[in-house]
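Enquirer: The file below is target05.cif, mmCIF, C-alpha atoms:
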data_query
loop_
_atom_site.group_PDB
_atom_site.id
_atom_site.type_symbol
_atom_site.label_atom_id
_atom_site.label_comp_id
_atom_site.auth_asym_id
_atom_site.auth_seq_id
_atom_site.Cartn_x
_atom_site.Cartn_y
_atom_site.Cartn_z
ATOM 1 C CA MET A 1 0.000 0.000 0.000
ATOM 2 C CA VAL A 2 2.912 2.364 0.681
ATOM 3 C CA LYS A 3 4.186 2.017 -2.906
ATOM 4 C CA ILE A 4 0.670 2.565 -4.211
ATOM 5 C CA GLY A 5 0.352 5.583 -1.930
ATOM 6 C CA ASN A 6 3.589 7.071 -3.275
ATOM 7 C CA PHE A 7 2.261 6.648 -6.812
ATOM 8 C CA PHE A 8 -1.045 8.334 -5.978
ATOM 9 C CA PHE A 9 0.772 11.088 -4.098
ATOM 10 C CA ARG A 10 2.782 11.912 -7.205
ATOM 11 C CA TYR A 11 -0.272 12.110 -9.475
ATOM 12 C CA ARG A 12 -2.936 13.027 -6.921
ATOM 13 C CA ASN A 13 -3.812 16.410 -8.419
ATOM 14 C CA ILE A 14 -4.629 14.907 -11.819
ATOM 15 C CA LEU A 15 -6.529 12.012 -10.258
ATOM 16 C CA PHE A 16 -8.634 14.225 -8.036
ATOM 17 C CA VAL A 17 -9.581 16.582 -10.878
ATOM 18 C CA PHE A 18 -10.754 13.521 -12.804
ATOM 19 C CA LEU A 19 -12.725 12.259 -9.815
ATOM 20 C CA TYR A 20 -14.267 15.698 -9.361
ATOM 21 C CA LEU A 21 -15.414 15.719 -12.995
ATOM 22 C CA LEU A 22 -17.248 12.451 -12.366
ATOM 23 C CA LEU A 23 -19.805 14.561 -10.488
ATOM 24 C CA PHE A 24 -21.290 15.344 -13.883
ATOM 25 C CA LEU A 25 -21.597 11.674 -14.874
ATOM 26 C CA PRO A 26 -25.255 10.656 -15.399
ATOM 27 C CA SER A 27 -26.449 8.704 -12.383
ATOM 28 C CA PRO A 28 -29.592 7.415 -10.674
ATOM 29 C CA ASP A 29 -30.811 9.737 -7.926
ATOM 30 C CA LEU A 30 -29.551 9.237 -4.390
ATOM 31 C CA PHE A 31 -32.808 10.730 -3.066
ATOM 32 C CA ARG A 32 -35.921 9.856 -5.083
ATOM 33 C CA GLU A 33 -39.184 11.746 -5.267
ATOM 34 C CA LYS A 34 -41.350 8.666 -4.754
ATOM 35 C CA GLU A 35 -39.593 7.954 -1.459
ATOM 36 C CA PHE A 36 -39.333 11.483 -0.068
ATOM 37 C CA GLY A 37 -42.326 13.253 -1.607
ATOM 38 C CA GLN A 38 -42.449 16.321 -3.812
ATOM 39 C CA THR A 39 -39.867 18.175 -1.690
ATOM 40 C CA TYR A 40 -37.306 15.378 -2.064
ATOM 41 C CA TYR A 41 -34.817 17.851 -3.561
ATOM 42 C CA VAL A 42 -34.556 19.621 -0.178
ATOM 43 C CA TRP A 43 -32.762 16.642 1.364
ATOM 44 C CA PRO A 44 -29.719 16.491 -0.953
ATOM 45 C CA LEU A 45 -29.602 20.294 -1.107
ATOM 46 C CA ILE A 46 -29.451 20.911 2.645
ATOM 47 C CA LEU A 47 -27.526 17.780 3.626
ATOM 48 C CA GLY A 48 -25.008 18.217 0.815
ATOM 49 C CA LEU A 49 -24.346 21.872 1.632
ATOM 50 C CA ILE A 50 -23.931 21.168 5.361
ATOM 51 C CA ILE A 51 -21.410 18.379 4.757
ATOM 52 C CA THR A 52 -19.393 20.122 2.044
ATOM 53 C CA PHE A 53 -19.208 23.406 3.985
ATOM 54 C CA SER A 54 -18.160 21.451 7.095
ATOM 55 C CA GLY A 55 -15.246 20.048 5.097
ATOM 56 C CA GLN A 56 -14.208 23.487 3.890
ATOM 57 C CA LEU A 57 -14.560 24.879 7.404
ATOM 58 C CA LEU A 58 -12.303 22.132 8.759
ATOM 59 C CA ARG A 59 -9.713 22.827 6.050
ATOM 60 C CA GLY A 60 -9.898 26.564 6.694
ATOM 61 C CA ILE A 61 -9.463 26.228 10.455
ATOM 62 C CA THR A 62 -6.590 23.774 9.993
ATOM 63 C CA ILE A 63 -4.692 26.026 7.590
ATOM 64 C CA GLY A 64 -5.397 29.194 9.558
ATOM 65 C CA LEU A 65 -4.178 27.762 12.872
ATOM 66 C CA ALA A 66 -1.154 25.600 12.062
ATOM 67 C CA TYR A 67 -0.300 24.785 8.467
ATOM 68 C CA ILE A 68 1.593 21.659 7.469
ATOM 69 C CA MET A 69 3.672 21.475 4.288
ATOM 70 C CA ARG A 70 2.342 18.505 2.335
ATOM 71 C CA GLY A 71 3.077 19.572 -1.179
ATOM 72 C CA GLY A 72 5.929 17.090 -1.319
ATOM 73 C CA ARG A 73 9.274 17.558 -2.990
ATOM 74 C CA GLU A 74 9.992 16.383 -6.535
ATOM 75 C CA GLY A 75 6.726 14.441 -6.552
ATOM 76 C CA LYS A 76 7.577 12.552 -3.362
ATOM 77 C CA VAL A 77 6.295 12.716 0.214
ATOM 78 C CA TYR A 78 8.258 15.270 2.209
ATOM 79 C CA ALA A 79 7.957 17.175 5.492
ATOM 80 C CA GLU A 80 10.382 19.508 7.216
ATOM 81 C CA ASP A 81 8.738 19.448 10.637
ATOM 82 C CA LEU A 82 6.360 17.285 12.616
ATOM 83 C CA ILE A 83 3.292 19.468 13.183
ATOM 84 C CA THR A 84 1.200 18.427 16.193
ATOM 85 C CA THR A 85 -0.486 21.730 17.048
ATOM 86 C CA GLY A 86 -3.704 23.358 15.860
ATOM 87 C CA MET A 87 -6.188 20.903 14.411
ATOM 88 C CA PHE A 88 -3.387 18.344 14.173
ATOM 89 C CA ARG A 89 -3.919 17.887 17.903
ATOM 90 C CA HIS A 90 -7.329 16.416 17.090
ATOM 91 C CA SER A 91 -6.713 14.446 13.886
ATOM 92 C CA ARG A 92 -3.525 13.416 12.131
ATOM 93 C CA ASN A 93 -5.066 14.249 8.755
ATOM 94 C CA PRO A 94 -7.586 17.090 9.203
ATOM 95 C CA LEU A 95 -6.944 18.466 5.705
ATOM 96 C CA TYR A 96 -7.693 15.105 4.127
ATOM 97 C CA VAL A 97 -10.775 14.662 6.294
ATOM 98 C CA GLY A 98 -11.879 18.093 5.090
ATOM 99 C CA ASN A 99 -11.340 17.052 1.459
ATOM 100 C CA ILE A 100 -13.372 13.884 1.935
ATOM 101 C CA LEU A 101 -16.240 15.805 3.528
ATOM 102 C CA MET A 102 -16.148 18.418 0.755
ATOM 103 C CA LEU A 103 -16.405 15.840 -2.021
ATOM 104 C CA LEU A 104 -18.949 13.707 -0.172
ATOM 105 C CA GLY A 105 -21.033 16.833 0.315
ATOM 106 C CA VAL A 106 -20.968 17.837 -3.343
ATOM 107 C CA GLY A 107 -21.767 14.235 -4.296
ATOM 108 C CA ILE A 108 -24.880 14.383 -2.117
ATOM 109 C CA LEU A 109 -25.655 17.872 -3.413
ATOM 110 C CA ASP A 110 -25.421 16.438 -6.934
ATOM 111 C CA ASN A 111 -27.895 13.752 -5.776
ATOM 112 C CA SER A 112 -25.650 11.185 -7.483
ATOM 113 C CA LEU A 113 -25.995 7.595 -6.329
ATOM 114 C CA ILE A 114 -22.993 6.505 -8.419
ATOM 115 C CA TYR A 115 -20.741 9.222 -7.003
ATOM 116 C CA VAL A 116 -21.612 8.590 -3.355
ATOM 117 C CA LEU A 117 -21.571 4.778 -3.490
ATOM 118 C CA LEU A 118 -18.831 4.139 -6.075
ATOM 119 C CA VAL A 119 -16.589 7.170 -6.561
ATOM 120 C CA MET A 120 -16.291 8.166 -2.891
ATOM 121 C CA PRO A 121 -14.983 4.738 -1.747
ATOM 122 C CA VAL A 122 -12.336 4.913 -4.505
ATOM 123 C CA PHE A 123 -11.463 8.435 -3.411
ATOM 124 C CA PHE A 124 -11.093 7.309 0.211
ATOM 125 C CA LEU A 125 -8.900 4.326 -0.744
ATOM 126 C CA ILE A 126 -6.607 6.645 -2.693
ATOM 127 C CA TYR A 127 -6.336 8.971 0.301
ATOM 128 C CA HIS A 128 -5.800 6.068 2.682
ATOM 129 C CA SER A 129 -2.890 4.760 0.624
ATOM 130 C CA ILE A 130 -1.388 8.271 0.469
ATOM 131 C CA VAL A 131 -1.686 8.567 4.250
ATOM 132 C CA LEU A 132 0.089 5.215 4.719
ATOM 133 C CA ALA A 133 2.927 6.438 2.486
ATOM 134 C CA GLU A 134 3.175 9.686 4.468
ATOM 135 C CA GLU A 135 3.149 7.804 7.761
ATOM 136 C CA ALA A 136 5.985 5.550 6.613
ATOM 137 C CA PHE A 137 8.040 8.631 5.702
ATOM 138 C CA LEU A 138 7.255 10.435 8.968
ATOM 139 C CA MET A 139 8.077 7.357 11.027
ATOM 140 C CA ARG A 140 11.472 7.070 9.347
ATOM 141 C CA LYS A 141 12.242 10.763 9.802
ATOM 142 C CA PHE A 142 10.850 11.501 13.262
ATOM 143 C CA GLY A 143 10.939 8.074 14.906
ATOM 144 C CA ASN A 144 9.758 7.978 18.511
ATOM 145 C CA ALA A 145 8.298 11.495 18.366
ATOM 146 C CA TYR A 146 5.956 10.433 15.580
ATOM 147 C CA ASN A 147 5.196 7.128 17.271
ATOM 148 C CA ASP A 148 4.117 9.018 20.405
ATOM 149 C CA TYR A 149 1.968 11.279 18.256
ATOM 150 C CA ILE A 150 0.091 8.455 16.512
ATOM 151 C CA ASN A 151 -0.596 6.852 19.896
ATOM 152 C CA LYS A 152 -2.328 10.026 21.059
ATOM 153 C CA VAL A 153 -4.184 11.271 17.965
ATOM 154 C CA ASN A 154 -6.613 9.483 15.637
ATOM 155 C CA ARG A 155 -5.642 8.986 12.020
ATOM 156 C CA TRP A 156 -9.018 10.087 10.663
ATOM 157 C CA ILE A 157 -11.912 10.845 13.006
ATOM 158 C CA PRO A 158 -11.247 14.148 14.801
ATOM 159 C CA SER A 159 -11.500 14.267 18.568
ATOM 160 C CA PHE A 160 -12.744 17.619 19.804
ATOM 161 C CA LYS A 161 -11.428 17.193 23.329
ATOM 162 C CA ASN A 162 -9.757 20.428 24.499
ATOM 163 C CA ILE A 163 -10.769 22.164 21.263
ATOM 164 C CA ARG A 164 -11.280 25.425 23.161
ATOM 165 C CA GLN A 165 -7.670 25.289 24.296
ATOM 166 C CA THR A 166 -6.582 24.821 20.675
ATOM 167 C CA PHE A 167 -8.391 27.954 19.557
ATOM 168 C CA SER A 168 -7.237 30.037 22.494
ATOM 169 C CA GLY A 169 -3.619 29.061 21.865
ATOM 170 C CA HIS A 170 -3.515 30.285 18.263
ATOM 171 C CA VAL A 171 -4.268 33.356 16.208
ATOM 172 C CA PHE A 172 -6.132 32.550 12.994
ATOM 173 C CA ASN A 173 -4.006 33.494 9.970
ATOM 174 C CA PHE A 174 -6.640 34.728 7.517
ATOM 175 C CA ARG A 175 -4.112 35.670 4.830
ATOM 176 C CA ARG A 176 -2.554 32.215 4.873
ATOM 177 C CA TRP A 177 -6.003 30.670 4.452
ATOM 178 C CA ILE A 178 -6.663 32.865 1.405
ATOM 179 C CA LEU A 179 -3.272 32.197 -0.185
ATOM 180 C CA LYS A 180 -3.330 28.444 0.359
ATOM 181 C CA GLU A 181 -6.997 27.862 -0.449
ATOM 182 C CA TYR A 182 -7.877 30.145 -3.349
ATOM 183 C CA ASN A 183 -7.396 27.387 -5.946
ATOM 184 C CA THR A 184 -9.520 24.928 -3.987
ATOM 185 C CA GLN A 185 -12.125 27.599 -3.243
ATOM 186 C CA TYR A 186 -12.463 28.538 -6.895
ATOM 187 C CA VAL A 187 -12.965 24.973 -8.160
ATOM 188 C CA TRP A 188 -15.218 24.021 -5.237
ATOM 189 C CA LEU A 189 -17.463 27.087 -5.407
ATOM 190 C CA SER A 190 -17.720 26.905 -9.205
ATOM 191 C CA GLY A 191 -18.854 23.301 -8.924
ATOM 192 C CA ILE A 192 -21.430 24.179 -6.280
ATOM 193 C CA VAL A 193 -22.817 27.034 -8.390
ATOM 194 C CA LEU A 194 -23.221 24.787 -11.440
ATOM 195 C CA ILE A 195 -24.738 21.912 -9.498
ATOM 196 C CA MET A 196 -27.235 24.107 -7.656
ATOM 197 C CA LEU A 197 -28.361 26.096 -10.680
ATOM 198 C CA ILE A 198 -28.531 23.145 -13.086
ATOM 199 C CA ASN A 199 -29.801 20.404 -10.764
ATOM 200 C CA TYR A 200 -32.215 22.517 -8.750
ATOM 201 C CA PRO A 201 -34.466 24.483 -11.146
ATOM 202 C CA GLN A 202 -36.740 25.072 -8.133
ATOM 203 C CA LEU A 203 -34.246 27.672 -6.898
ATOM 204 C CA THR A 204 -34.838 29.843 -9.973
ATOM 205 C CA HIS A 205 -38.561 28.991 -10.218
ATOM 206 C CA TYR A 206 -37.873 26.928 -13.358
ATOM 207 C CA ASP A 207 -36.821 30.072 -15.214
ATOM 208 C CA ILE A 208 -34.067 28.972 -17.621
ATOM 209 C CA HIS A 209 -33.201 32.557 -18.562
ATOM 210 C CA LEU A 210 -32.704 33.496 -14.903
ATOM 211 C CA ARG A 211 -30.589 30.383 -14.368
ATOM 212 C CA ASN A 212 -28.373 31.194 -17.344
ATOM 213 C CA LEU A 213 -28.054 34.812 -16.231
ATOM 214 C CA LEU A 214 -26.912 33.761 -12.751
ATOM 215 C CA ILE A 215 -24.365 31.375 -14.251
ATOM 216 C CA LEU A 216 -23.038 34.148 -16.501
ATOM 217 C CA ILE A 217 -22.717 36.460 -13.491
ATOM 218 C CA LEU A 218 -21.449 34.128 -10.756
ATOM 219 C CA LEU A 219 -18.851 32.081 -12.673
ATOM 220 C CA PRO A 220 -17.031 35.129 -14.113
ATOM 221 C CA PHE A 221 -17.203 36.767 -10.676
ATOM 222 C CA LEU A 222 -15.501 33.750 -9.104
ATOM 223 C CA GLY A 223 -12.972 33.770 -11.942
ATOM 224 C CA VAL A 224 -12.146 37.436 -11.347
ATOM 225 C CA CYS A 225 -11.713 36.796 -7.608
ATOM 226 C CA TYR A 226 -9.372 33.923 -8.425
ATOM 227 C CA LEU A 227 -7.264 36.022 -10.799
ATOM 228 C CA VAL A 228 -7.045 38.957 -8.358
ATOM 229 C CA ILE A 229 -5.838 36.744 -5.511
ATOM 230 C CA ARG A 230 -3.400 34.956 -7.820
ATOM 231 C CA TYR A 231 -1.998 38.295 -8.969
ATOM 232 C CA LEU A 232 -1.647 39.552 -5.388
ATOM 233 C CA LYS A 233 0.140 36.346 -4.431
ATOM 234 C CA LYS A 234 2.514 36.244 -7.389
ATOM 235 C CA SER A 235 3.328 39.960 -7.053
ATOM 236 C CA ARG A 236 3.847 39.432 -3.299
ATOM 237 C CA ARG A 237 1.420 42.213 -2.488
ATOM 238 C CA LEU A 238 -0.417 39.707 -0.335
ATOM 239 C CA SER A 239 1.650 37.475 1.911
ATOM 240 C CA GLU A 240 1.268 35.521 5.115
#
Let me see the structure of the file written as structure tokens.
Expert:
Amino acid sequence: MVKIGNFFFRYRNILFVFLYLLLFLPSPDLFREKEFGQTYYVWPLILGLIITFSGQLLRGITIGLAYIMRGGREGKVYAEDLITTGMFRHSRNPLYVGNILMLLGVGILDNSLIYVLLVMPVFFLIYHSIVLAEEAFLMRKFGNAYNDYINKVNRWIPSFKNIRQTFSGHVFNFRRWILKEYNTQYVWLSGIVLIMLINYPQLTHYDIHLRNLLILILLPFLGVCYLVIRYLKKSRRLSE
């Protein structure tokens, strides 16, 4: 699994874009009208938004409190320091948990049975193998310190014990959150806009012209926000 994890780590960005695009694959409904009544669409809409925003919130808090460098080096797992503060006190992989919640949420929002039952398990297995590869690297590099850490903190499910102490011991770095997350935010929000406006005609009272107008307004707006932040980052006018 470690070798498989190293492979997925190297090509994870391409793989995850492909998996994200599978949201638009035709699929039977996860929630069906005959089972939930005429307002069946409310269930995937509300549940999906709650779960996907919870994932983004977890990612945002994690990055804003204590960021961990997981971009790798030369396509391989790499870490300079062992980070055990911030949300890493409550889960060893809070960023990955956030990613899983985000994609599970948009899968439910898309009301896609195939995505939730088939794509998400594949997505989790890929992440699990990546985590095993990272753990093997961290164990070799940090030894007993990392062993003590894994004995105290869950790999996946966050424990919220002493969460108040975590927040009181850090200052949230809003700029770092913006700089590290603007790519993810752009793709994620664009997907949500398309799914909500295309899959939920009830939101625009079945007015196709209104739907198209909102798409033409919101997607370029998100694109402009993305380009502005990218420019500020590359020009170093916005830094941590």
Enquirer: Give as a PDB file with C-alpha atoms, in the frame of the given file the residues that the PyMOL selection byres ((chain A and resi 96) around 12) matches when applied to the coordinates above.
Expert:
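And here is the file that came out, result25.pdb:
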ATOM      1  CA  GLY A  55     -15.246  20.048   5.097  1.00  0.00           C
ATOM      2  CA  GLN A  56     -14.208  23.487   3.890  1.00  0.00           C
ATOM      3  CA  LEU A  58     -12.303  22.132   8.759  1.00  0.00           C
ATOM      4  CA  ARG A  59      -9.713  22.827   6.050  1.00  0.00           C
ATOM      5  CA  GLY A  60      -9.898  26.564   6.694  1.00  0.00           C
ATOM      6  CA  THR A  62      -6.590  23.774   9.993  1.00  0.00           C
ATOM      7  CA  ILE A  63      -4.692  26.026   7.590  1.00  0.00           C
ATOM      8  CA  ILE A  68       1.593  21.659   7.469  1.00  0.00           C
ATOM      9  CA  ARG A  70       2.342  18.505   2.335  1.00  0.00           C
ATOM     10  CA  MET A  87      -6.188  20.903  14.411  1.00  0.00           C
ATOM     11  CA  PHE A  88      -3.387  18.344  14.173  1.00  0.00           C
ATOM     12  CA  SER A  91      -6.713  14.446  13.886  1.00  0.00           C
ATOM     13  CA  ARG A  92      -3.525  13.416  12.131  1.00  0.00           C
ATOM     14  CA  ASN A  93      -5.066  14.249   8.755  1.00  0.00           C
ATOM     15  CA  PRO A  94      -7.586  17.090   9.203  1.00  0.00           C
ATOM     16  CA  LEU A  95      -6.944  18.466   5.705  1.00  0.00           C
ATOM     17  CA  VAL A  97     -10.775  14.662   6.294  1.00  0.00           C
ATOM     18  CA  GLY A  98     -11.879  18.093   5.090  1.00  0.00           C
ATOM     19  CA  ASN A  99     -11.340  17.052   1.459  1.00  0.00           C
ATOM     20  CA  ILE A 100     -13.372  13.884   1.935  1.00  0.00           C
ATOM     21  CA  LEU A 101     -16.240  15.805   3.528  1.00  0.00           C
ATOM     22  CA  MET A 102     -16.148  18.418   0.755  1.00  0.00           C
ATOM     23  CA  LEU A 103     -16.405  15.840  -2.021  1.00  0.00           C
ATOM     24  CA  PHE A 123     -11.463   8.435  -3.411  1.00  0.00           C
ATOM     25  CA  PHE A 124     -11.093   7.309   0.211  1.00  0.00           C
ATOM     26  CA  LEU A 125      -8.900   4.326  -0.744  1.00  0.00           C
ATOM     27  CA  ILE A 126      -6.607   6.645  -2.693  1.00  0.00           C
ATOM     28  CA  TYR A 127      -6.336   8.971   0.301  1.00  0.00           C
ATOM     29  CA  HIS A 128      -5.800   6.068   2.682  1.00  0.00           C
ATOM     30  CA  SER A 129      -2.890   4.760   0.624  1.00  0.00           C
ATOM     31  CA  ILE A 130      -1.388   8.271   0.469  1.00  0.00           C
ATOM     32  CA  VAL A 131      -1.686   8.567   4.250  1.00  0.00           C
ATOM     33  CA  ARG A 155      -5.642   8.986  12.020  1.00  0.00           C
ATOM     34  CA  TRP A 156      -9.018  10.087  10.663  1.00  0.00           C
ATOM     35  CA  ILE A 157     -11.912  10.845  13.006  1.00  0.00           C
ATOM     36  CA  PRO A 158     -11.247  14.148  14.801  1.00  0.00           C
TER      37      PRO A 158
END
Enquirer: Grab the CA of Asn13 in chain A to CA of Leu179 in chain A distance for me, in Å with one decimal place.
Expert: 17.8 Å
Enquirer: To verify the selection step, state as a PyMOL selection string which residues the PyMOL selection byres ((chain A and resi 207-219) around 12) yields on this input.
Expert: chain A and resi 186-206+220-226
Enquirer: Please measure the separation of CA of Arg176 in chain A and CA of Gly64 in chain A, giving the value in Å to one decimal.
Expert: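 Interatomic distance, CA of Arg176 in chain A to CA of Gly64 in chain A: 6.3 Å.
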Enquirer: May I ask for the distance between CA of Asn183 in chain A and CA of Met1 in chain A, given in Å to one decimal place?
Expert: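 Between these atoms lies a distance of 29.0 Å.
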